[in-house]
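Colleague: Let me begin by handing over the structure; questions about it come next.
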2 protein chains.
Amino acid sequence: MTVSPIRSVLIIGSGLIGASLGLALRAREVAVWLEDTREESLRIAVERGAGLAEPPDGDPDLVLVAVPPASAALVIVNSLRRYLTSTVSDVASTKARLQRDVEAMTSDIDRFVPGHPLAGREVSGPGAARADLFADRVWALTPSTRTDPARTAGVAALVESLGAVVVQTSPEEHDRAVALTSHTPQVVSSLVAAGLDPLGDAEVRLSGQGLRDVTRLANSDPGLWTEILTSNAEPVSDALDLLIGRLASVRDGLRRGPDGSEAVRAELTAGVAGAAKVPGKHGSGPVQYAVVPVLIADRPGELGRLFAAAASTGVNLEDVRIEHAQGRPTGLVELEVEPASSGRLAEGLRAGGFDVRD
Amino acid sequence: MTVSPIRSVLIIGSGLIGASLGLALRAREVAVWLEDTREESLRIAVERGAGLAEPPDGDPDLVLVAVPPASAALVIVNSLRRYLTSTVSDVASTKARLQRDVEAMTSDIDRFVPGHPLAGREVSGPGAARADLFADRVWALTPSTRTDPARTAGVAALVESLGAVVVQTSPEEHDRAVALTSHTPQVVSSLVAAGLDPLGDAEVRLSGQGLRDVTRLANSDPGLWTEILTSNAEPVSDALDLLIGRLASVRDGLRRGPDGSEAVRAELTAGVAGAAKVPGKHGSGPVQYAVVPVLIADRPGELGRLFAAAASTGVNLEDVRIEHAQGRPTGLVELEVEPASSGRLAEGLRAGGFDVRD
């Protein structure tokens with residue numbers, strides 16, 4: 001299998017993903033052309049240096065389709081027809097239905113390498129584009145059985161050169177995975193929040209940090225998420241069906257009284273096993289950090305003073321969580337560190353006058 | 001209504017809650033006696049200065065029952081029988097069933113003021129006790145219709161003197177509220193994590209921050225949580241039933257195809273409304289903070305340098321979230337501040353050489 005390096009790319013769609021790709025590729029001396037029906041977006045992307053607003057010079061090595069999901073299939077098929085030797089890839093967040101739609105319109109699909117970079121959540125548009133958007137992010141590739149493996153390898157080499165981590169799966173496995181790891185959490189977060197409806201102001205104060213964690217995703221755009229969920233309707237509805245079965249098992253266990261408690265415990269125990277599968281922050285599987293809890297006053301400079309003191313111990317903070325008490329400005333800060341370092345950090349902070357809890 | 005101040009307290013149960021109460025009360029010059037069948041726990045609590053391991057000097061003004069839930073009803077009833085003039089209160093986390101159990105054993109319940117301090121999650125035992133455990137925490141009181149209002153007012157005044165914020169509801173309202181705000185999020189978190197079971201290592205990497213948030217509670221003690229859930233079986237099973245109904249509505253909407261998308265959108269929209277009810281960090285209702293995202297290297301001292309720079313701007317950080325990219329040590333830190341201060345913070349951090357994202 002001969003893998004040709006990709007040296008020229010036409011990016012169709014100059015939003016956050018397309019423009020960021022342009023910046024990243026040009027920084028690696030790849031020739032980049034940009035195309036977009038939205039003139040303003042294209043102008044900004046070109047001004048940012050993401051590529052040239054010209055037709056490519058012959059067939060580019062790669063056409064990267066980064067348009068909204070609704071038009072992705074058509075643009076992919078048109079690209080396969082316009083550029084008869086180019087590899088064509090895309091960035092849509094669900095894959096199986098899109099790939100079926102493409103295959104329904106053309107049989108010329110050995111040059112199509114479907115992809116999905118998991119990046120770019122917080123902001124949108126070419127103004128927010130960054131050359132390092134894909135660094136350390138997973139980039140899924142979901143070739144079909146008919147995709148030319150050499151072309152898949154070429155796209156993989158390109159996105160790895162941008163710092164991305166390639167995960168290759170079938171489109172069906174990809175969609176089931178994001179249904180479980182992304183779409184189901186979104187739905188659950190929204191519906192737990194929706195369930196608070198009957199509570200009055202006083203009652204809703206009877207809550208802890210857990211409610212905030214679980215409902216954090218609920219304040220999302222319903223239109224956008226309806227589009228995402230319907231684009232992955234079958235795997236998401238199957239995942240919700242399984243979740244409903246588990247919830248019903250807990251509900252029925254609780255209603256059976258003492259006889260049912262074993263069913264409740266079994267589901268919670270399965271949850272502990274599942275939690276161990278959630279990727280840790282460095283992508284190398286889940287990591288258990290030690291927690292050093294510090295009680296601090298919630299006033300300007302206090303967090304700065306705490307982190308300066310932590311830095312002076314030389315211990316690397318892996319994560320930080322701040323819990324605020326209700327009604328008053330005090331808070332518990334949880335510093336997560338490698339277990340071997342927790343003693344040194346606690347000692348250093350106590351020496352700095354901080355109230356480290358046992 | 002004459003409310004007598006409480007000047008003497010017998011605390012039964014010398015764990016985290018009981019011993020912390022003892023420390024807090026003695027700091028306010030309340031006489032405290034401790035009782036516990038667990039000798040080692042009692043010894044530690046006394047050594048920490050939480051109270052005297054002696055029988056009280058006559059009827060104490062208050063008997064505070066802080067024993068594990070399974071024995072709470074019996075200890076409450078025994079206390080009402082032993083101390084015929086004392087107010088009796090408790091700290092159990094679910095109320096209606098406990099209050100029914102107490103009323104089934106005694107009619108002498110006008111002196112019983114049921115309570116539930118929402119405090120003390122991370123650690124347990126008298127060694128972890130703190131006088132400030134209840135400061136700024138909600139303390140629910142759930143008097144029945146037969147509870148003497150003057151005694152409820154007396155307990156309320158006492159716990160407010162410890163810095164707690166009293167929320168008074170009926171036991172049924174309390175239990176429904178914690179079913180929705182605490183017990184349902186716990187179950188959902190466990191079951192979403194349990195649903196990851198079929199995924200392989202590569203597939204589970206196709207996840208983002210949302211999965212971590214939603215499954216954060218899942219790594220909890222199944223035995224403890226089975227006990228908590230069964231103690232609130234009816235409200236929890238009702239809450240799960242409603243959640244199942246909403247999930248089924250989304251599932252069925254997705255399966256109906258384009259015709260079903262309105263049902264999906266309606267549920268997600270209800271979630272946005274529900275998210276607005278989640279209490280903000282200062283207990284005064286939800287607050288929308290502005291987010292200042294900063295990309296930093298994940299190395300020792302980097303967070304310290306960031307927070308020192310933030311402190312030098314004089315802007316108070318309301319919350320901090322750190323997102324790590326997969327596979328490599330870089331991270332996005334989200335600083336949450338009052339919207340009016342976000343510009344000043346971003347400017348100050350940029351001046352300090354930090355990579356503040358748009």
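As shown in the structure tokens, the chain order sets the letters A, B, ...; within each chain, residues go from 1, and ligands are also counted from 1 in the order they appear.
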Quick one: residues within 9 Å of B:Thr106, only C-alpha atoms counted, chain neighbours fewer than 6 positions away excluded, as number ranges by chain?
Modeller: B: 77, 80-81
Colleague: Residues of the last selection are to be written out with N, CA and C atoms, as a PDB file, in the first residue's frame.
Modeller:
```pdb
ATOM      1  N   VAL B  77     -37.391   7.800  69.514  1.00  0.00           N
ATOM      2  CA  VAL B  77     -38.485   7.435  70.421  1.00  0.00           C
ATOM      3  C   VAL B  77     -37.950   7.222  71.844  1.00  0.00           C
ATOM      4  N   LEU B  80     -37.351  10.588  73.440  1.00  0.00           N
ATOM      5  CA  LEU B  80     -38.587  11.242  73.887  1.00  0.00           C
ATOM      6  C   LEU B  80     -39.061  10.642  75.206  1.00  0.00           C
ATOM      7  N   ARG B  81     -38.809   9.344  75.400  1.00  0.00           N
ATOM      8  CA  ARG B  81     -39.239   8.671  76.636  1.00  0.00           C
ATOM      9  C   ARG B  81     -38.309   8.936  77.809  1.00  0.00           C
TER      10      ARG B  81
END
```
Colleague: Please provide chain A as a compact mmCIF listing (two decimals) with C-alpha atoms, in the first residue's frame, once it has been superposed on chain B by least squares across all sequentially paired Cα atoms.
Modeller:
```
# COMPACT_ATOMS: atom_id res chain seq x y z
CA MET A 1 -45.36 31.65 71.16
CA THR A 2 -42.48 31.64 73.63
CA VAL A 3 -39.21 30.42 72.17
CA SER A 4 -36.69 29.40 74.82
CA PRO A 5 -33.07 29.55 73.75
CA ILE A 6 -31.35 26.16 73.78
CA ARG A 7 -28.44 26.15 76.25
CA SER A 8 -27.79 22.43 76.74
CA VAL A 9 -27.67 19.62 74.18
CA LEU A 10 -27.24 15.86 74.39
CA ILE A 11 -25.88 14.56 71.08
CA ILE A 12 -26.47 10.86 70.49
CA GLY A 13 -24.03 9.62 67.84
CA SER A 14 -20.48 10.96 67.63
CA GLY A 15 -19.72 10.59 63.93
CA LEU A 16 -18.88 13.45 61.58
CA ILE A 17 -22.22 15.22 62.03
CA GLY A 18 -22.58 14.64 65.78
CA ALA A 19 -19.00 15.59 66.62
CA SER A 20 -19.09 18.64 64.33
CA LEU A 21 -22.29 19.78 66.03
CA GLY A 22 -20.60 19.35 69.41
CA LEU A 23 -17.63 21.48 68.34
CA ALA A 24 -19.91 24.16 66.86
CA LEU A 25 -22.19 24.29 69.92
CA ARG A 26 -19.37 24.43 72.47
CA ALA A 27 -17.80 27.28 70.52
CA ARG A 28 -21.08 29.11 71.26
CA GLU A 29 -20.96 28.17 74.97
CA VAL A 30 -23.75 25.64 74.81
CA ALA A 31 -23.32 22.72 77.27
CA VAL A 32 -22.81 19.50 75.28
CA TRP A 33 -22.92 15.85 76.35
CA LEU A 34 -22.10 13.03 73.97
CA GLU A 35 -23.39 9.46 73.85
CA ASP A 36 -22.38 6.67 71.48
CA THR A 37 -22.37 2.88 71.60
CA ARG A 38 -19.14 2.98 69.54
CA GLU A 39 -16.54 3.59 72.25
CA GLU A 40 -13.69 4.49 69.91
CA SER A 41 -15.77 7.10 68.07
CA LEU A 42 -16.91 8.61 71.37
CA ARG A 43 -13.33 8.74 72.70
CA ILE A 44 -12.11 10.62 69.57
CA ALA A 45 -15.04 13.07 69.67
CA VAL A 46 -14.40 13.84 73.34
CA GLU A 47 -10.66 14.26 72.70
CA ARG A 48 -11.48 16.71 69.89
CA GLY A 49 -13.48 18.74 72.43
CA ALA A 50 -16.93 18.02 71.02
CA GLY A 51 -18.53 17.42 74.43
CA LEU A 52 -18.50 15.44 77.67
CA ALA A 53 -18.94 11.65 77.73
CA GLU A 54 -21.30 11.86 80.69
CA PRO A 55 -25.05 11.62 81.21
CA PRO A 56 -26.64 15.07 80.98
CA ASP A 57 -27.33 17.08 84.05
CA GLY A 58 -31.14 16.58 84.16
CA ASP A 59 -33.21 16.95 80.95
CA PRO A 60 -31.16 18.77 78.31
CA ASP A 61 -32.92 21.51 76.34
CA LEU A 62 -32.33 19.45 73.18
CA VAL A 63 -31.51 15.84 72.35
CA LEU A 64 -29.94 15.70 68.87
CA VAL A 65 -30.05 12.20 67.36
CA ALA A 66 -27.20 11.78 64.86
CA VAL A 67 -27.08 7.99 64.49
CA PRO A 68 -27.18 5.97 61.21
CA PRO A 69 -30.60 6.06 59.49
CA ALA A 70 -31.47 2.44 60.28
CA SER A 71 -31.58 3.06 64.04
CA ALA A 72 -32.77 6.68 64.01
CA ALA A 73 -36.48 6.02 64.71
CA LEU A 74 -35.81 3.85 67.75
CA VAL A 75 -33.28 6.26 69.25
CA ILE A 76 -35.65 9.19 68.73
CA VAL A 77 -38.51 7.37 70.49
CA ASN A 78 -36.23 6.29 73.35
CA SER A 79 -35.06 9.87 73.75
CA LEU A 80 -38.63 11.17 73.94
CA ARG A 81 -39.27 8.59 76.70
CA ARG A 82 -36.06 9.21 78.65
CA TYR A 83 -36.13 13.03 78.63
CA LEU A 84 -39.71 14.04 79.24
CA THR A 85 -39.26 17.80 78.80
CA SER A 86 -36.50 17.92 76.13
CA THR A 87 -36.96 18.83 72.49
CA VAL A 88 -35.71 15.96 70.29
CA SER A 89 -34.33 16.49 66.78
CA ASP A 90 -32.44 14.36 64.24
CA VAL A 91 -30.30 14.64 61.11
CA ALA A 92 -31.56 11.81 58.85
CA SER A 93 -31.46 12.57 55.12
CA THR A 94 -35.01 11.37 54.36
CA LYS A 95 -37.93 12.29 56.54
CA ALA A 96 -41.46 11.00 55.82
CA ARG A 97 -40.93 7.30 56.50
CA LEU A 98 -38.87 8.04 59.62
CA GLN A 99 -41.57 10.35 60.96
CA ARG A 100 -44.24 7.71 60.29
CA ASP A 101 -42.11 5.12 62.12
CA VAL A 102 -41.72 7.43 65.11
CA GLU A 103 -45.45 8.20 65.20
CA ALA A 104 -46.21 4.47 65.08
CA MET A 105 -44.23 3.98 68.31
CA THR A 106 -45.25 7.03 70.33
CA SER A 107 -47.94 9.67 70.38
CA ASP A 108 -45.65 12.01 72.32
CA ILE A 109 -44.38 13.74 69.18
CA ASP A 110 -45.10 17.43 69.77
CA ARG A 111 -41.52 17.67 71.13
CA PHE A 112 -39.97 16.03 68.01
CA VAL A 113 -38.52 18.51 65.46
CA PRO A 114 -37.23 16.47 62.50
CA GLY A 115 -34.22 17.93 60.67
CA HIS A 116 -31.72 17.30 57.88
CA PRO A 117 -28.51 19.32 57.57
CA LEU A 118 -27.17 19.17 53.99
CA ALA A 119 -23.51 18.93 54.94
CA GLY A 120 -20.61 16.57 55.27
CA ARG A 121 -20.17 14.67 52.06
CA GLU A 122 -16.46 14.11 51.54
CA VAL A 123 -15.25 12.58 54.77
CA SER A 124 -16.65 10.73 57.76
CA GLY A 125 -16.00 10.01 61.44
CA PRO A 126 -15.32 12.30 64.40
CA GLY A 127 -11.69 12.77 63.32
CA ALA A 128 -12.97 14.80 60.38
CA ALA A 129 -15.36 16.87 62.51
CA ARG A 130 -15.26 20.66 62.12
CA ALA A 131 -17.00 23.44 64.00
CA ASP A 132 -17.77 25.19 60.68
CA LEU A 133 -19.31 22.18 58.94
CA PHE A 134 -22.77 23.75 58.91
CA ALA A 135 -21.76 27.31 58.04
CA ASP A 136 -23.66 28.44 54.95
CA ARG A 137 -25.26 25.03 54.51
CA VAL A 138 -28.97 24.45 54.17
CA TRP A 139 -30.54 22.79 57.22
CA ALA A 140 -34.00 21.46 56.44
CA LEU A 141 -36.62 21.27 59.22
CA THR A 142 -39.70 19.16 58.49
CA PRO A 143 -42.13 19.50 61.41
CA SER A 144 -45.36 17.53 61.28
CA THR A 145 -48.73 19.19 61.93
CA ARG A 146 -48.40 18.04 65.53
CA THR A 147 -44.93 19.47 66.21
CA ASP A 148 -44.95 22.36 68.71
CA PRO A 149 -44.10 25.48 66.64
CA ALA A 150 -42.19 27.01 69.56
CA ARG A 151 -39.88 23.99 69.63
CA THR A 152 -39.36 24.19 65.86
CA ALA A 153 -38.47 27.88 66.26
CA GLY A 154 -36.03 26.99 69.04
CA VAL A 155 -34.18 24.45 66.89
CA ALA A 156 -34.21 26.87 63.94
CA ALA A 157 -32.65 29.61 66.08
CA LEU A 158 -29.98 27.19 67.30
CA VAL A 159 -28.91 25.94 63.85
CA GLU A 160 -29.00 29.48 62.47
CA SER A 161 -26.61 30.46 65.26
CA LEU A 162 -24.22 27.88 63.72
CA GLY A 163 -24.43 29.72 60.39
CA ALA A 164 -26.83 27.30 58.73
CA VAL A 165 -29.66 28.45 56.46
CA VAL A 166 -33.00 26.97 57.59
CA VAL A 167 -35.43 25.72 54.95
CA GLN A 168 -38.73 24.56 56.45
CA THR A 169 -40.96 22.19 54.45
CA SER A 170 -43.28 19.28 55.07
CA PRO A 171 -41.57 15.88 55.24
CA GLU A 172 -43.25 14.87 51.98
CA GLU A 173 -42.09 18.01 50.15
CA HIS A 174 -38.59 17.48 51.53
CA ASP A 175 -38.43 13.91 50.33
CA ARG A 176 -39.78 14.74 46.88
CA ALA A 177 -37.25 17.55 46.61
CA VAL A 178 -34.23 15.40 47.51
CA ALA A 179 -35.57 12.64 45.25
CA LEU A 180 -35.38 15.11 42.35
CA THR A 181 -32.28 17.10 43.30
CA SER A 182 -30.08 14.43 44.84
CA HIS A 183 -31.32 10.85 44.45
CA THR A 184 -32.35 10.98 40.79
CA PRO A 185 -29.05 12.60 39.69
CA GLN A 186 -27.20 9.84 41.57
CA VAL A 187 -29.19 7.06 39.87
CA VAL A 188 -28.90 8.64 36.44
CA SER A 189 -25.15 9.14 36.82
CA SER A 190 -24.68 5.49 37.75
CA LEU A 191 -26.87 4.19 34.94
CA VAL A 192 -25.31 6.34 32.20
CA ALA A 193 -21.92 5.01 33.34
CA ALA A 194 -23.29 1.46 33.39
CA GLY A 195 -24.42 1.95 29.79
CA LEU A 196 -20.80 2.38 28.64
CA ASP A 197 -20.30 -1.34 29.19
CA PRO A 198 -20.40 -2.40 25.50
CA LEU A 199 -17.81 0.17 24.41
CA GLY A 200 -14.20 -0.72 23.68
CA ASP A 201 -11.25 1.44 24.74
CA ALA A 202 -11.05 3.28 21.41
CA GLU A 203 -14.77 3.96 21.23
CA VAL A 204 -15.01 5.31 24.75
CA ARG A 205 -12.39 7.91 23.79
CA LEU A 206 -15.02 9.47 21.51
CA SER A 207 -16.30 11.46 24.48
CA GLY A 208 -16.07 14.96 25.83
CA GLN A 209 -16.29 16.82 29.10
CA GLY A 210 -20.03 16.19 29.28
CA LEU A 211 -19.60 12.49 29.97
CA ARG A 212 -17.26 13.24 32.87
CA ASP A 213 -19.76 15.70 34.39
CA VAL A 214 -22.75 13.39 34.09
CA THR A 215 -20.93 10.29 35.41
CA ARG A 216 -19.00 12.03 38.18
CA LEU A 217 -21.34 10.67 40.89
CA ALA A 218 -21.26 7.11 39.55
CA ASN A 219 -18.15 6.08 41.45
CA SER A 220 -20.08 5.95 44.75
CA ASP A 221 -20.64 3.23 47.34
CA PRO A 222 -23.50 1.01 46.02
CA GLY A 223 -24.34 -0.27 49.52
CA LEU A 224 -24.67 3.19 51.05
CA TRP A 225 -26.71 4.47 48.10
CA THR A 226 -28.99 1.45 48.08
CA GLU A 227 -29.77 2.26 51.72
CA ILE A 228 -30.39 5.95 50.94
CA LEU A 229 -32.61 5.19 47.93
CA THR A 230 -34.67 2.56 49.72
CA SER A 231 -35.20 4.97 52.65
CA ASN A 232 -36.88 7.30 50.14
CA ALA A 233 -38.32 4.59 47.91
CA GLU A 234 -41.66 6.10 46.99
CA PRO A 235 -40.58 9.63 46.00
CA VAL A 236 -37.52 8.27 44.17
CA SER A 237 -39.49 5.67 42.24
CA ASP A 238 -42.06 8.34 41.32
CA ALA A 239 -39.28 10.69 40.14
CA LEU A 240 -37.68 7.90 38.10
CA ASP A 241 -41.07 7.11 36.61
CA LEU A 242 -41.45 10.70 35.40
CA LEU A 243 -37.91 10.66 34.01
CA ILE A 244 -38.62 7.39 32.20
CA GLY A 245 -41.68 9.02 30.64
CA ARG A 246 -39.61 11.94 29.37
CA LEU A 247 -36.88 9.64 28.04
CA ALA A 248 -39.49 7.53 26.28
CA SER A 249 -40.92 10.66 24.71
CA VAL A 250 -37.48 11.55 23.27
CA ARG A 251 -36.85 7.96 22.19
CA ASP A 252 -40.21 7.71 20.45
CA GLY A 253 -39.76 11.13 18.87
CA LEU A 254 -36.44 10.02 17.39
CA ARG A 255 -37.99 6.80 16.10
CA ARG A 256 -40.87 8.64 14.42
CA GLY A 257 -38.43 10.45 12.11
CA PRO A 258 -39.01 14.08 11.03
CA ASP A 259 -42.52 14.07 12.54
CA GLY A 260 -41.06 13.35 15.95
CA SER A 261 -38.50 16.13 16.12
CA GLU A 262 -40.94 18.56 17.74
CA ALA A 263 -41.33 16.20 20.72
CA VAL A 264 -37.54 16.00 21.07
CA ARG A 265 -37.19 19.75 20.94
CA ALA A 266 -39.98 20.23 23.50
CA GLU A 267 -38.18 18.03 26.05
CA LEU A 268 -34.84 19.77 25.50
CA THR A 269 -36.55 23.15 25.84
CA ALA A 270 -38.07 22.03 29.17
CA GLY A 271 -34.50 21.18 30.19
CA VAL A 272 -33.32 24.74 29.55
CA ALA A 273 -36.13 26.00 31.80
CA GLY A 274 -35.20 23.45 34.45
CA ALA A 275 -31.51 24.35 34.30
CA ALA A 276 -32.45 27.91 35.22
CA LYS A 277 -33.83 26.58 38.53
CA VAL A 278 -30.55 24.96 39.62
CA PRO A 279 -29.24 27.03 42.51
CA GLY A 280 -26.24 29.21 41.80
CA LYS A 281 -23.18 28.98 43.93
CA HIS A 282 -24.17 31.65 46.39
CA GLY A 283 -27.55 30.19 47.13
CA SER A 284 -29.45 33.17 45.78
CA GLY A 285 -30.75 31.42 42.69
CA PRO A 286 -28.94 30.64 39.47
CA VAL A 287 -26.33 33.14 38.36
CA GLN A 288 -24.93 33.42 34.85
CA TYR A 289 -21.20 34.06 34.96
CA ALA A 290 -19.06 35.10 32.03
CA VAL A 291 -16.46 32.55 30.94
CA VAL A 292 -12.90 33.63 30.14
CA PRO A 293 -11.21 30.64 28.43
CA VAL A 294 -7.42 30.41 28.65
CA LEU A 295 -5.26 27.81 26.91
CA ILE A 296 -2.36 26.78 29.13
CA ALA A 297 0.41 24.23 29.18
CA ASP A 298 -0.12 21.46 31.73
CA ARG A 299 3.13 21.70 33.66
CA PRO A 300 3.99 22.43 37.29
CA GLY A 301 3.44 26.05 38.20
CA GLU A 302 1.38 26.97 35.15
CA LEU A 303 -1.94 27.06 36.99
CA GLY A 304 -0.26 28.93 39.84
CA ARG A 305 1.11 31.50 37.41
CA LEU A 306 -2.33 31.87 35.84
CA PHE A 307 -4.11 32.39 39.15
CA ALA A 308 -1.48 34.79 40.41
CA ALA A 309 -1.97 36.84 37.23
CA ALA A 310 -5.75 36.68 37.68
CA ALA A 311 -5.41 37.84 41.29
CA SER A 312 -3.31 40.81 40.21
CA THR A 313 -6.26 42.05 38.14
CA GLY A 314 -8.39 42.22 41.31
CA VAL A 315 -11.18 40.26 39.66
CA ASN A 316 -12.84 37.63 41.84
CA LEU A 317 -13.00 34.18 40.27
CA GLU A 318 -16.41 32.62 40.84
CA ASP A 319 -15.54 29.23 39.46
CA VAL A 320 -12.80 27.41 37.60
CA ARG A 321 -13.11 24.52 35.20
CA ILE A 322 -10.15 22.81 33.60
CA GLU A 323 -10.61 20.85 30.41
CA HIS A 324 -7.74 18.67 29.35
CA ALA A 325 -7.26 17.58 25.79
CA GLN A 326 -6.94 13.90 25.16
CA GLY A 327 -3.56 12.28 24.76
CA ARG A 328 -1.38 15.28 25.56
CA PRO A 329 -0.67 17.60 28.46
CA THR A 330 -2.38 20.80 27.38
CA GLY A 331 -5.57 22.20 28.71
CA LEU A 332 -8.23 24.81 28.46
CA VAL A 333 -8.98 26.59 31.72
CA GLU A 334 -12.36 28.30 31.97
CA LEU A 335 -12.44 31.11 34.50
CA GLU A 336 -15.95 32.14 35.50
CA VAL A 337 -16.42 35.71 36.69
CA GLU A 338 -19.11 38.35 36.97
CA PRO A 339 -19.91 39.46 33.41
CA ALA A 340 -18.86 43.06 34.14
CA SER A 341 -15.35 41.90 35.09
CA SER A 342 -14.58 39.58 32.20
CA GLY A 343 -12.99 42.23 29.98
CA ARG A 344 -10.63 43.40 32.70
CA LEU A 345 -9.59 39.83 33.48
CA ALA A 346 -9.01 38.90 29.83
CA GLU A 347 -6.97 42.05 29.25
CA GLY A 348 -4.85 41.49 32.36
CA LEU A 349 -4.15 37.87 31.47
CA ARG A 350 -3.21 38.74 27.88
CA ALA A 351 -0.84 41.38 29.25
CA GLY A 352 0.70 38.61 31.38
CA GLY A 353 1.38 36.56 28.27
CA PHE A 354 -1.57 34.19 28.61
CA ASP A 355 -3.40 32.78 25.63
CA VAL A 356 -6.95 34.00 26.23
CA ARG A 357 -9.39 32.63 23.68
CA ASP A 358 -12.01 34.76 22.02
```
Colleague: Give me every helix (DSSP H, G or I) residue in stretch 326-356 of chain A, going by DSSP on the backbone, as number ranges by chain.
Modeller: A: 339-351
